[in-house]
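As stored in structure32.cif (mmCIF, C-alpha atoms):
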```cif
data_model
#
loop_
_atom_site.label_atom_id
_atom_site.label_comp_id
_atom_site.auth_asym_id
_atom_site.auth_seq_id
_atom_site.Cartn_x
_atom_site.Cartn_y
_atom_site.Cartn_z
CA MET A 1 0.00 0.00 0.00
CA TRP A 2 2.65 2.53 1.02
CA ALA A 3 4.82 1.53 -1.93
CA ARG A 4 1.99 2.24 -4.36
CA GLY A 5 1.32 5.62 -2.77
CA GLY A 6 5.01 6.50 -2.70
CA ARG A 7 5.39 5.60 -6.35
CA ALA A 8 2.44 7.83 -7.24
CA ASP A 9 3.81 10.74 -5.18
CA ARG A 10 7.08 10.69 -7.09
CA GLN A 11 5.22 10.34 -10.38
CA HIS A 12 3.33 13.54 -9.51
CA ASP A 13 6.63 15.34 -9.05
CA GLY A 14 8.05 14.50 -12.45
CA ASP A 15 5.13 14.17 -14.86
CA GLU A 16 3.31 17.06 -16.52
CA PRO A 17 0.56 15.95 -16.32
CA TYR A 18 0.33 12.88 -14.10
CA PRO A 19 -1.31 10.23 -16.33
CA GLY A 20 -3.66 8.95 -13.63
CA PHE A 21 -3.98 5.59 -11.93
CA LYS A 22 -6.73 3.30 -10.68
CA GLY A 23 -5.84 0.53 -8.23
CA LYS A 24 -6.89 -1.26 -5.06
CA TYR A 25 -5.31 1.20 -2.60
CA PHE A 26 -4.86 4.34 -4.65
CA SER A 27 -6.77 6.01 -7.47
CA MET A 28 -6.39 9.41 -9.08
CA PRO A 29 -7.50 10.90 -12.44
CA VAL A 30 -5.24 12.70 -14.88
CA ARG A 31 -3.96 15.86 -13.19
CA ASN A 32 -0.97 18.20 -13.33
CA VAL A 33 0.10 18.47 -9.68
CA VAL A 34 1.79 21.76 -8.77
CA PRO A 35 4.06 23.10 -7.46
CA LYS A 36 6.86 20.84 -8.63
CA PRO A 37 9.80 20.24 -6.25
CA LEU A 38 12.88 22.43 -6.53
CA GLN A 39 15.13 19.34 -6.43
CA LYS A 40 15.17 17.41 -9.66
CA PRO A 41 13.76 14.95 -10.37
CA HIS A 42 12.47 15.00 -6.77
CA PRO A 43 13.84 15.01 -3.18
CA PRO A 44 15.53 11.78 -2.04
CA ILE A 45 13.14 9.10 -0.78
CA TRP A 46 13.70 7.26 2.51
CA VAL A 47 11.93 4.48 4.37
CA ALA A 48 12.02 4.36 8.17
CA CYS A 49 13.09 0.87 9.30
CA CYS A 50 12.29 -0.52 12.72
CA ARG A 51 12.35 -4.26 12.11
CA ALA A 52 15.80 -5.79 11.76
CA ARG A 53 16.92 -6.38 8.18
CA ASP A 54 13.50 -6.66 6.54
CA HIS A 55 12.89 -2.98 5.96
CA PRO A 56 16.42 -2.00 4.86
CA CYS A 57 16.29 -4.79 2.28
CA ARG A 58 12.88 -3.61 1.12
CA GLY A 59 14.28 -0.10 0.80
CA ALA A 60 17.10 -1.39 -1.40
CA GLN A 61 14.62 -3.25 -3.59
CA LEU A 62 12.74 0.02 -4.15
CA GLY A 63 15.89 2.08 -4.68
CA ILE A 64 15.34 4.27 -1.64
CA GLY A 65 17.37 5.13 1.45
CA ALA A 66 17.05 3.07 4.65
CA LEU A 67 16.74 4.99 7.93
CA THR A 68 17.05 2.44 10.73
CA PHE A 69 15.83 2.77 14.31
CA ALA A 70 17.27 -0.52 15.55
CA PHE A 71 20.21 1.10 17.45
CA VAL A 72 22.81 -1.42 16.37
CA ASP A 73 26.57 -1.23 16.90
CA PRO A 74 28.99 -0.67 13.98
CA ALA A 75 29.70 -4.40 13.49
CA GLU A 76 26.03 -5.29 13.08
CA ALA A 77 25.37 -2.13 11.09
CA GLY A 78 28.04 -3.24 8.64
CA LYS A 79 26.15 -6.48 7.96
CA TRP A 80 22.97 -4.52 7.21
CA ALA A 81 24.77 -2.03 4.99
CA HIS A 82 26.51 -4.81 3.05
CA GLU A 83 23.22 -6.60 2.40
CA TYR A 84 21.53 -3.32 1.42
CA TYR A 85 24.17 -2.47 -1.17
CA GLU A 86 24.26 -6.01 -2.54
CA ILE A 87 20.56 -5.59 -3.39
CA ILE A 88 21.12 -2.10 -4.82
CA LYS A 89 23.62 -3.68 -7.23
CA SER A 90 21.34 -6.58 -8.14
CA ASP A 91 18.37 -7.10 -10.43
CA GLU A 92 16.14 -6.92 -7.33
CA CYS A 93 16.47 -3.12 -7.30
CA VAL A 94 13.57 -1.56 -9.21
CA PRO A 95 13.31 2.14 -8.23
CA ILE A 96 10.08 3.51 -6.86
CA GLY A 97 11.13 7.03 -7.89
CA HIS A 98 12.78 8.65 -10.88
CA THR A 99 16.22 8.18 -9.35
CA VAL A 100 17.93 5.98 -6.76
CA ASN A 101 18.75 7.20 -3.26
CA ALA A 102 21.39 4.65 -2.23
CA ASN A 103 22.02 5.53 1.42
CA VAL A 104 21.95 3.85 4.82
CA ALA A 105 21.38 5.94 7.95
CA MET A 106 21.62 4.62 11.51
CA VAL A 107 20.10 6.22 14.61
CA THR A 108 22.16 6.15 17.80
CA GLY A 109 22.47 7.94 21.12
CA PHE A 110 24.68 11.00 21.47
CA SER A 111 26.22 12.77 24.42
CA CYS A 112 29.62 14.28 23.77
CA HIS A 113 31.94 15.53 26.54
CA GLU A 114 35.67 15.70 27.17
CA ASP A 115 35.01 13.47 30.18
CA ALA A 116 33.40 10.29 28.79
CA ARG A 117 31.86 9.35 32.15
CA ARG A 118 30.19 12.73 32.48
CA GLY A 119 28.93 12.48 28.92
CA ALA A 120 27.41 9.08 29.72
CA ARG A 121 25.72 10.39 32.88
CA ARG A 122 24.23 13.27 30.96
CA GLY A 123 22.81 11.32 28.05
CA ALA A 124 22.23 7.67 28.89
CA GLU A 125 18.93 8.03 30.74
CA GLY A 126 17.41 10.20 28.02
CA PHE A 127 18.34 7.71 25.33
CA GLN A 128 17.04 4.83 27.42
CA PHE A 129 13.73 6.68 27.77
CA PHE A 130 13.64 7.23 24.01
CA GLY A 131 13.89 3.47 23.46
CA TYR A 132 11.30 2.77 26.15
CA SER A 133 8.84 5.26 24.67
CA LEU A 134 9.18 3.71 21.21
CA GLY A 135 8.25 0.37 22.72
CA HIS A 136 5.39 1.96 24.63
CA TYR A 137 3.81 3.58 21.59
CA TYR A 138 4.53 0.94 18.98
CA VAL A 139 4.81 -2.44 20.75
CA TYR A 140 3.55 -3.13 24.26
CA GLY A 141 2.11 0.06 25.75
CA HIS A 142 -1.51 0.79 26.59
CA HIS A 143 -1.96 4.53 26.13
CA GLN A 144 -4.76 6.93 27.01
CA PRO A 145 -4.05 10.30 25.33
CA GLY A 146 -3.85 13.09 27.88
CA VAL A 147 -3.94 10.61 30.76
CA THR A 148 -1.03 8.16 30.52
CA ASP A 149 2.25 9.49 31.97
CA VAL A 150 4.95 7.72 29.94
CA TRP A 151 7.79 9.18 31.99
CA GLN A 152 6.22 7.93 35.21
CA ARG A 153 5.98 4.44 33.75
CA PHE A 154 9.57 4.63 32.61
CA GLU A 155 10.74 5.70 36.07
CA ALA A 156 9.01 2.67 37.58
CA ALA A 157 10.53 0.27 35.04
CA LYS A 158 13.98 1.67 34.23
CA ASP A 159 15.92 -0.27 36.87
CA LYS A 160 14.68 -3.49 35.29
CA LEU A 161 15.52 -2.37 31.74
CA PRO A 162 18.82 -3.51 30.21
CA ALA A 163 21.29 -0.69 29.56
CA GLY A 164 22.11 -2.48 26.33
CA ARG A 165 23.49 -0.59 23.39
CA ALA A 166 22.30 2.75 24.73
CA GLY A 167 24.66 2.50 27.68
CA GLN A 168 27.52 1.26 25.51
CA ARG A 169 27.11 4.13 23.10
CA HIS A 170 27.28 6.75 25.79
CA ARG A 171 30.27 5.15 27.47
CA HIS A 172 32.07 5.82 24.21
CA ALA A 173 31.12 9.50 24.29
CA GLY A 174 33.77 12.18 24.47
CA ARG A 175 37.29 11.55 23.21
CA ALA A 176 36.27 8.21 21.61
CA ALA A 177 33.56 9.84 19.46
CA PRO A 178 35.78 10.16 16.35
CA SER A 179 36.63 6.46 16.39
CA ILE A 180 33.00 5.43 16.90
CA CYS A 181 31.84 7.57 13.97
CA ALA A 182 34.72 6.28 11.86
CA SER A 183 33.65 2.72 12.73
CA TYR A 184 30.18 3.34 11.31
CA GLN A 185 31.74 4.97 8.27
CA ASP A 186 34.08 2.02 7.68
CA ALA A 187 31.14 -0.36 8.09
CA GLY A 188 29.43 1.23 5.10
CA VAL A 189 26.95 3.44 6.95
CA ASP A 190 26.43 6.70 5.07
CA GLN A 191 24.80 8.80 7.77
CA VAL A 192 24.48 8.66 11.55
CA VAL A 193 21.47 10.33 13.19
CA PHE A 194 21.99 11.40 16.79
CA ILE A 195 19.26 11.15 19.42
CA GLN A 196 19.87 13.83 22.05
CA GLN A 197 16.57 15.37 23.06
CA GLY A 198 15.23 12.31 24.90
CA GLY A 199 13.72 12.27 28.35
CA ARG A 200 14.95 15.09 30.58
CA ASN A 201 18.24 15.81 28.85
CA LYS A 202 19.09 19.45 29.44
CA HIS A 203 19.13 21.92 26.58
CA GLU A 204 22.48 23.39 27.63
CA HIS A 205 24.07 19.92 27.74
CA ILE A 206 22.78 19.16 24.24
CA CYS A 207 24.24 22.43 22.94
CA GLU A 208 27.57 21.73 24.63
CA SER A 209 27.67 18.30 23.02
CA LEU A 210 26.93 19.70 19.58
CA ASN A 211 29.53 22.43 19.89
CA LEU A 212 32.20 19.99 21.04
CA PHE A 213 31.34 17.54 18.27
CA ALA A 214 31.45 20.28 15.64
CA ALA A 215 34.80 21.55 16.89
CA LYS A 216 36.64 18.31 17.61
CA VAL A 217 35.02 15.51 15.57
CA MET A 218 33.43 16.85 12.39
CA PRO A 219 36.58 18.32 10.80
CA ALA A 220 38.27 14.91 10.66
CA LEU A 221 35.14 13.21 9.34
CA LYS A 222 34.65 15.81 6.63
CA ALA A 223 38.26 15.95 5.49
CA ASP A 224 37.88 13.32 2.77
CA GLN A 225 34.10 13.47 2.38
CA ALA A 226 34.15 14.72 -1.21
CA ALA A 227 36.59 12.01 -2.33
CA ARG A 228 34.55 9.26 -0.64
CA ASP A 229 31.31 10.54 -2.18
CA ALA A 230 32.86 10.66 -5.65
CA LYS A 231 34.21 7.13 -5.28
CA LYS A 232 30.83 5.83 -4.15
CA GLN A 233 28.97 7.55 -7.00
CA ALA A 234 31.40 6.19 -9.58
CA GLU A 235 31.07 2.66 -8.18
CA LEU A 236 27.27 2.73 -8.11
CA ALA A 237 26.67 4.62 -11.37
CA PRO A 238 26.38 1.54 -13.68
CA PHE A 239 24.13 -0.26 -11.18
CA ILE A 240 21.83 2.75 -10.80
CA GLU A 241 21.66 3.15 -14.57
CA ALA A 242 20.67 -0.52 -14.90
CA ALA A 243 18.09 -0.19 -12.12
CA LEU A 244 16.42 2.80 -13.78
CA LYS A 245 16.12 0.82 -17.01
CA ARG A 246 14.18 -1.85 -15.09
CA LYS A 247 11.69 0.73 -13.83
CA LYS A 248 8.28 0.44 -15.47
CA ARG A 249 7.16 3.90 -16.50
CA MET A 250 3.63 5.06 -17.12
CA ALA A 251 2.76 6.11 -20.64
CA PRO A 252 2.74 9.92 -20.95
CA VAL A 253 -0.42 11.81 -21.79
CA ALA A 254 -0.91 15.12 -23.55
CA PRO A 255 -1.69 18.23 -21.49
CA SER A 256 -5.03 18.36 -23.31
CA ALA A 257 -6.02 15.21 -21.38
CA VAL A 258 -6.28 17.23 -18.17
CA PRO A 259 -9.98 18.00 -17.57
CA ASP A 260 -11.09 21.63 -17.66
CA GLY A 261 -11.72 23.22 -14.27
CA LEU A 262 -15.29 24.01 -13.28
CA GLY A 263 -15.82 27.37 -11.60
CA LEU A 264 -18.87 27.40 -9.37
CA ARG A 265 -20.67 30.52 -8.23
CA PRO A 266 -21.87 30.65 -4.60
CA HIS A 267 -25.13 28.75 -4.04
CA HIS A 268 -24.71 27.03 -7.43
CA ARG A 269 -24.47 23.26 -7.39
CA ALA A 270 -22.74 21.27 -10.10
CA GLY A 271 -25.22 19.98 -12.65
CA GLU A 272 -27.86 22.65 -11.89
CA PRO A 273 -28.50 25.65 -14.18
CA ASP A 274 -27.43 29.05 -12.90
CA ARG A 275 -30.63 31.09 -13.06
CA ARG A 276 -29.09 34.39 -11.96
CA GLY A 277 -27.38 35.13 -15.24
CA PRO A 278 -23.73 35.82 -16.06
CA ASP A 279 -23.71 39.34 -14.59
CA ALA A 280 -25.18 38.47 -11.21
CA PRO A 281 -23.18 40.06 -8.33
CA TYR A 282 -21.18 37.88 -5.97
CA ARG A 283 -22.97 37.13 -2.71
CA GLY A 284 -21.20 35.33 0.10
CA ARG A 285 -22.67 32.47 2.07
CA HIS A 286 -23.71 34.76 4.92
CA HIS A 287 -26.16 36.62 2.64
CA ARG A 288 -29.67 35.29 2.24
#
```
Would you kindly transcribe this structure into structure tokens?
Amino acid sequence: MWARGGRADRQHDGDEPYPGFKGKYFSMPVRNVVPKPLQKPHPPIWVACCRARDHPCRGAQLGIGALTFAFVDPAEAGKWAHEYYEIIKSDECVPIGHTVNANVAMVTGFSCHEDARRGARRGAEGFQFFGYSLGHYYVYGHHQPGVTDVWQRFEAAKDKLPAGRAGQRHRHAGRAAPSICASYQDAGVDQVVFIQQGGRNKHEHICESLNLFAAKVMPALKADQAARDAKKQAELAPFIEAALKRKKRMAPVAPSAVPDGLGLRPHHRAGEPDRRGPDAPYRGRHHR
């Protein structure tokens, strides 16, 4: 269902006019949808992945980026990224859009400080709450909007929750941050998304983390970014070209196929004659 809708959305962006479609989950007549996106042929498409390898693989099959919320370490992330790119390079990849967005992004906790222990103390609980709240809303929680206090439930349960990867990630905060980010990079992960604003993390601590990361970590990561991007694009170019050739495209239609608009005067229903004549003054709905 979502794949059909996503395919239609991207078709809207590139076709003038959209040739129309009638299916089980989505139907739309011939229309020219405006405005068109500034990015050509359209902005990059992503799928949010929360279930192990299933969704990243599905993203690769559709030629779209995989944004994962599984909070895996670099070693496991590397296995996912490898499988994703193997599909991108295979005949299984049939793009849902007019181009391929070959990218893997991983979500992880973030609390950066010169003192790794202090960084862990500042950020670990907030990231643990973020994971708990995802489970509450999407897996096991019973929620009454405006009534249920998720933080209160977390407080009651947190001592029984495993620290797991959240704790490990924050223990690596601080001086080890460059090596952790480099590990994801070496594993084939294209982007890392940091969770900071979880639970009761303080705004000033988040800003301090960001400033420190920008000053001490980002310069090294960005040093060879352009060269790595160029190498990746050159490697994937023939596979993306082949994937786009496998894409089934809808037959174009002439602009004349777009139905004429129907302007309706107030109090005039479609299909009924307008008895007031062409020069009748406009009268809003509040007039009788």
For Ala243 of chain A, work out the shell of residues within 7 Å, counting all atoms listed in the file and skipping chain neighbours fewer than 6 positions away, then give it as a tab-separated table (two decimals) with C-alpha atoms, in the coordinates of the input.
```
chain	number	residue	atom	x	y	z
A	93	CYS	CA	16.47	-3.12	-7.30
A	94	VAL	CA	13.57	-1.56	-9.21
A	95	PRO	CA	13.31	2.14	-8.23
```
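What separates atom CA of Val30 of chain A from atom CA of Arg4 of chain A is a distance of 16.5 Å.
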Point to revise | Selection dump of the PyMOL selection byres ((chain A and resi 62-77) around 6), as a list in words | key: Ile45, Trp46, Val47, Ala48, Cys49, Cys50, Pro56, Gly59, Ala60, Gln61, Gly78, Lys79, Trp80, Cys93, Val94, Pro95, Ile96, Val100, Asn101, Ala102, Asn103, Val104, Ala105, Met106, Val107, Thr108, Ser183 and Tyr184 of chain A
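Of the listed residues A:Asn32, A:Gln191, A:Asn211, A:Gln144, the one whose atoms come nearest to Cys112 of chain A is A:Asn211, with distances taken using all atoms listed in the file.
Using all atoms listed in the file, the contacts of Ala215 of chain A at a cut-off of 12 Å, with sequence neighbours closer than 5 positions omitted, comprise A:Cys112, A:His113, A:Glu114, A:Pro178, A:Glu208, A:Ser209, A:Leu210, A:Ala220, A:Leu221, A:Lys222.
Proximity ranking of A:Ser111, A:Gln225, A:Gln196, A:Thr99 relative to Ala182 of chain A places A:Gln225 first, based on only C-alpha atoms.
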Exercise for review: On this file, the PyMOL selection byres ((chain A and resi 197) around 10) gives some set of residues; write that set as number ranges by chain.
Suggested key: A: 109-110, 123, 126-127, 130, 194-196, 198-203, 205-206
Please write the residues from the selection above to a file, keeping C-alpha atoms, as a PDB file, keeping the file's coordinate frame.
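Saved file result-v3.pdb follows:
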```
ATOM      1  CA  GLY A 109      22.470   7.940  21.120  1.00  0.00           C
ATOM      2  CA  PHE A 110      24.680  11.000  21.470  1.00  0.00           C
ATOM      3  CA  GLY A 123      22.810  11.320  28.050  1.00  0.00           C
ATOM      4  CA  GLY A 126      17.410  10.200  28.020  1.00  0.00           C
ATOM      5  CA  PHE A 127      18.340   7.710  25.330  1.00  0.00           C
ATOM      6  CA  PHE A 130      13.640   7.230  24.010  1.00  0.00           C
ATOM      7  CA  PHE A 194      21.990  11.400  16.790  1.00  0.00           C
ATOM      8  CA  ILE A 195      19.260  11.150  19.420  1.00  0.00           C
ATOM      9  CA  GLN A 196      19.870  13.830  22.050  1.00  0.00           C
ATOM     10  CA  GLY A 198      15.230  12.310  24.900  1.00  0.00           C
ATOM     11  CA  GLY A 199      13.720  12.270  28.350  1.00  0.00           C
ATOM     12  CA  ARG A 200      14.950  15.090  30.580  1.00  0.00           C
ATOM     13  CA  ASN A 201      18.240  15.810  28.850  1.00  0.00           C
ATOM     14  CA  LYS A 202      19.090  19.450  29.440  1.00  0.00           C
ATOM     15  CA  HIS A 203      19.130  21.920  26.580  1.00  0.00           C
ATOM     16  CA  HIS A 205      24.070  19.920  27.740  1.00  0.00           C
ATOM     17  CA  ILE A 206      22.780  19.160  24.240  1.00  0.00           C
TER      18      ILE A 206
END
```
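Distance annotation: of A:Ala237, A:Val34, A:Glu204, A:Ser90, the residue with the minimal separation from Cys57 of chain A is A:Ser90; atom set is all atoms listed in the file.
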Evaluate the PyMOL selection byres ((chain A and resi 12-14) around 9) on the structure here and hand back the selected residues as a PDB file with C-alpha atoms, keeping the file's coordinate frame.
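Result saved to part19.pdb:
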```pdb
ATOM      1  CA  ARG A   7       5.390   5.600  -6.350  1.00  0.00           C
ATOM      2  CA  ALA A   8       2.440   7.830  -7.240  1.00  0.00           C
ATOM      3  CA  ASP A   9       3.810  10.740  -5.180  1.00  0.00           C
ATOM      4  CA  ARG A  10       7.080  10.690  -7.090  1.00  0.00           C
ATOM      5  CA  GLN A  11       5.220  10.340 -10.380  1.00  0.00           C
ATOM      6  CA  ASP A  15       5.130  14.170 -14.860  1.00  0.00           C
ATOM      7  CA  GLU A  16       3.310  17.060 -16.520  1.00  0.00           C
ATOM      8  CA  PRO A  17       0.560  15.950 -16.320  1.00  0.00           C
ATOM      9  CA  TYR A  18       0.330  12.880 -14.100  1.00  0.00           C
ATOM     10  CA  PRO A  19      -1.310  10.230 -16.330  1.00  0.00           C
ATOM     11  CA  ARG A  31      -3.960  15.860 -13.190  1.00  0.00           C
ATOM     12  CA  ASN A  32      -0.970  18.200 -13.330  1.00  0.00           C
ATOM     13  CA  VAL A  33       0.100  18.470  -9.680  1.00  0.00           C
ATOM     14  CA  VAL A  34       1.790  21.760  -8.770  1.00  0.00           C
ATOM     15  CA  PRO A  35       4.060  23.100  -7.460  1.00  0.00           C
ATOM     16  CA  LYS A  36       6.860  20.840  -8.630  1.00  0.00           C
ATOM     17  CA  PRO A  37       9.800  20.240  -6.250  1.00  0.00           C
ATOM     18  CA  LYS A  40      15.170  17.410  -9.660  1.00  0.00           C
ATOM     19  CA  PRO A  41      13.760  14.950 -10.370  1.00  0.00           C
ATOM     20  CA  HIS A  42      12.470  15.000  -6.770  1.00  0.00           C
ATOM     21  CA  HIS A  98      12.780   8.650 -10.880  1.00  0.00           C
TER      22      HIS A  98
END
```
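Between atom CA of Tyr85 of chain A and atom CA of Val189 of chain A the interatomic distance comes to 10.4 Å.
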Exercise for review: Report the distance between atom CA of Pro259 of chain A and atom CA of Phe26 of chain A in Å, rounded to one decimal place.
Suggested key: 19.5 Å
Env of Gly141 of chain A: 10 Å cut, atoms = all atoms listed in the file, seq-sep filter 5 positions within chain, self excluded. Answer as a tab-separated table (two decimals) with C-alpha atoms, in the frame of the given file.
```
chain	number	residue	atom	x	y	z
A	132	TYR	CA	11.30	2.77	26.15
A	133	SER	CA	8.84	5.26	24.67
A	134	LEU	CA	9.18	3.71	21.21
A	135	GLY	CA	8.25	0.37	22.72
A	136	HIS	CA	5.39	1.96	24.63
A	148	THR	CA	-1.03	8.16	30.52
A	150	VAL	CA	4.95	7.72	29.94
A	153	ARG	CA	5.98	4.44	33.75
```
Revision key, fill the gap. Judged by only C-alpha atoms, the minimum distance to Lys160 of chain A among A:Gln128, A:Arg58, A:Leu244, A:Tyr138 is found for A:Gln128
Study note, to complete from the structure: For Arg249 of chain A, the closest of A:Leu236, A:Ala223, A:Gly97, A:Asp190 counting only C-alpha atoms is A:Gly97
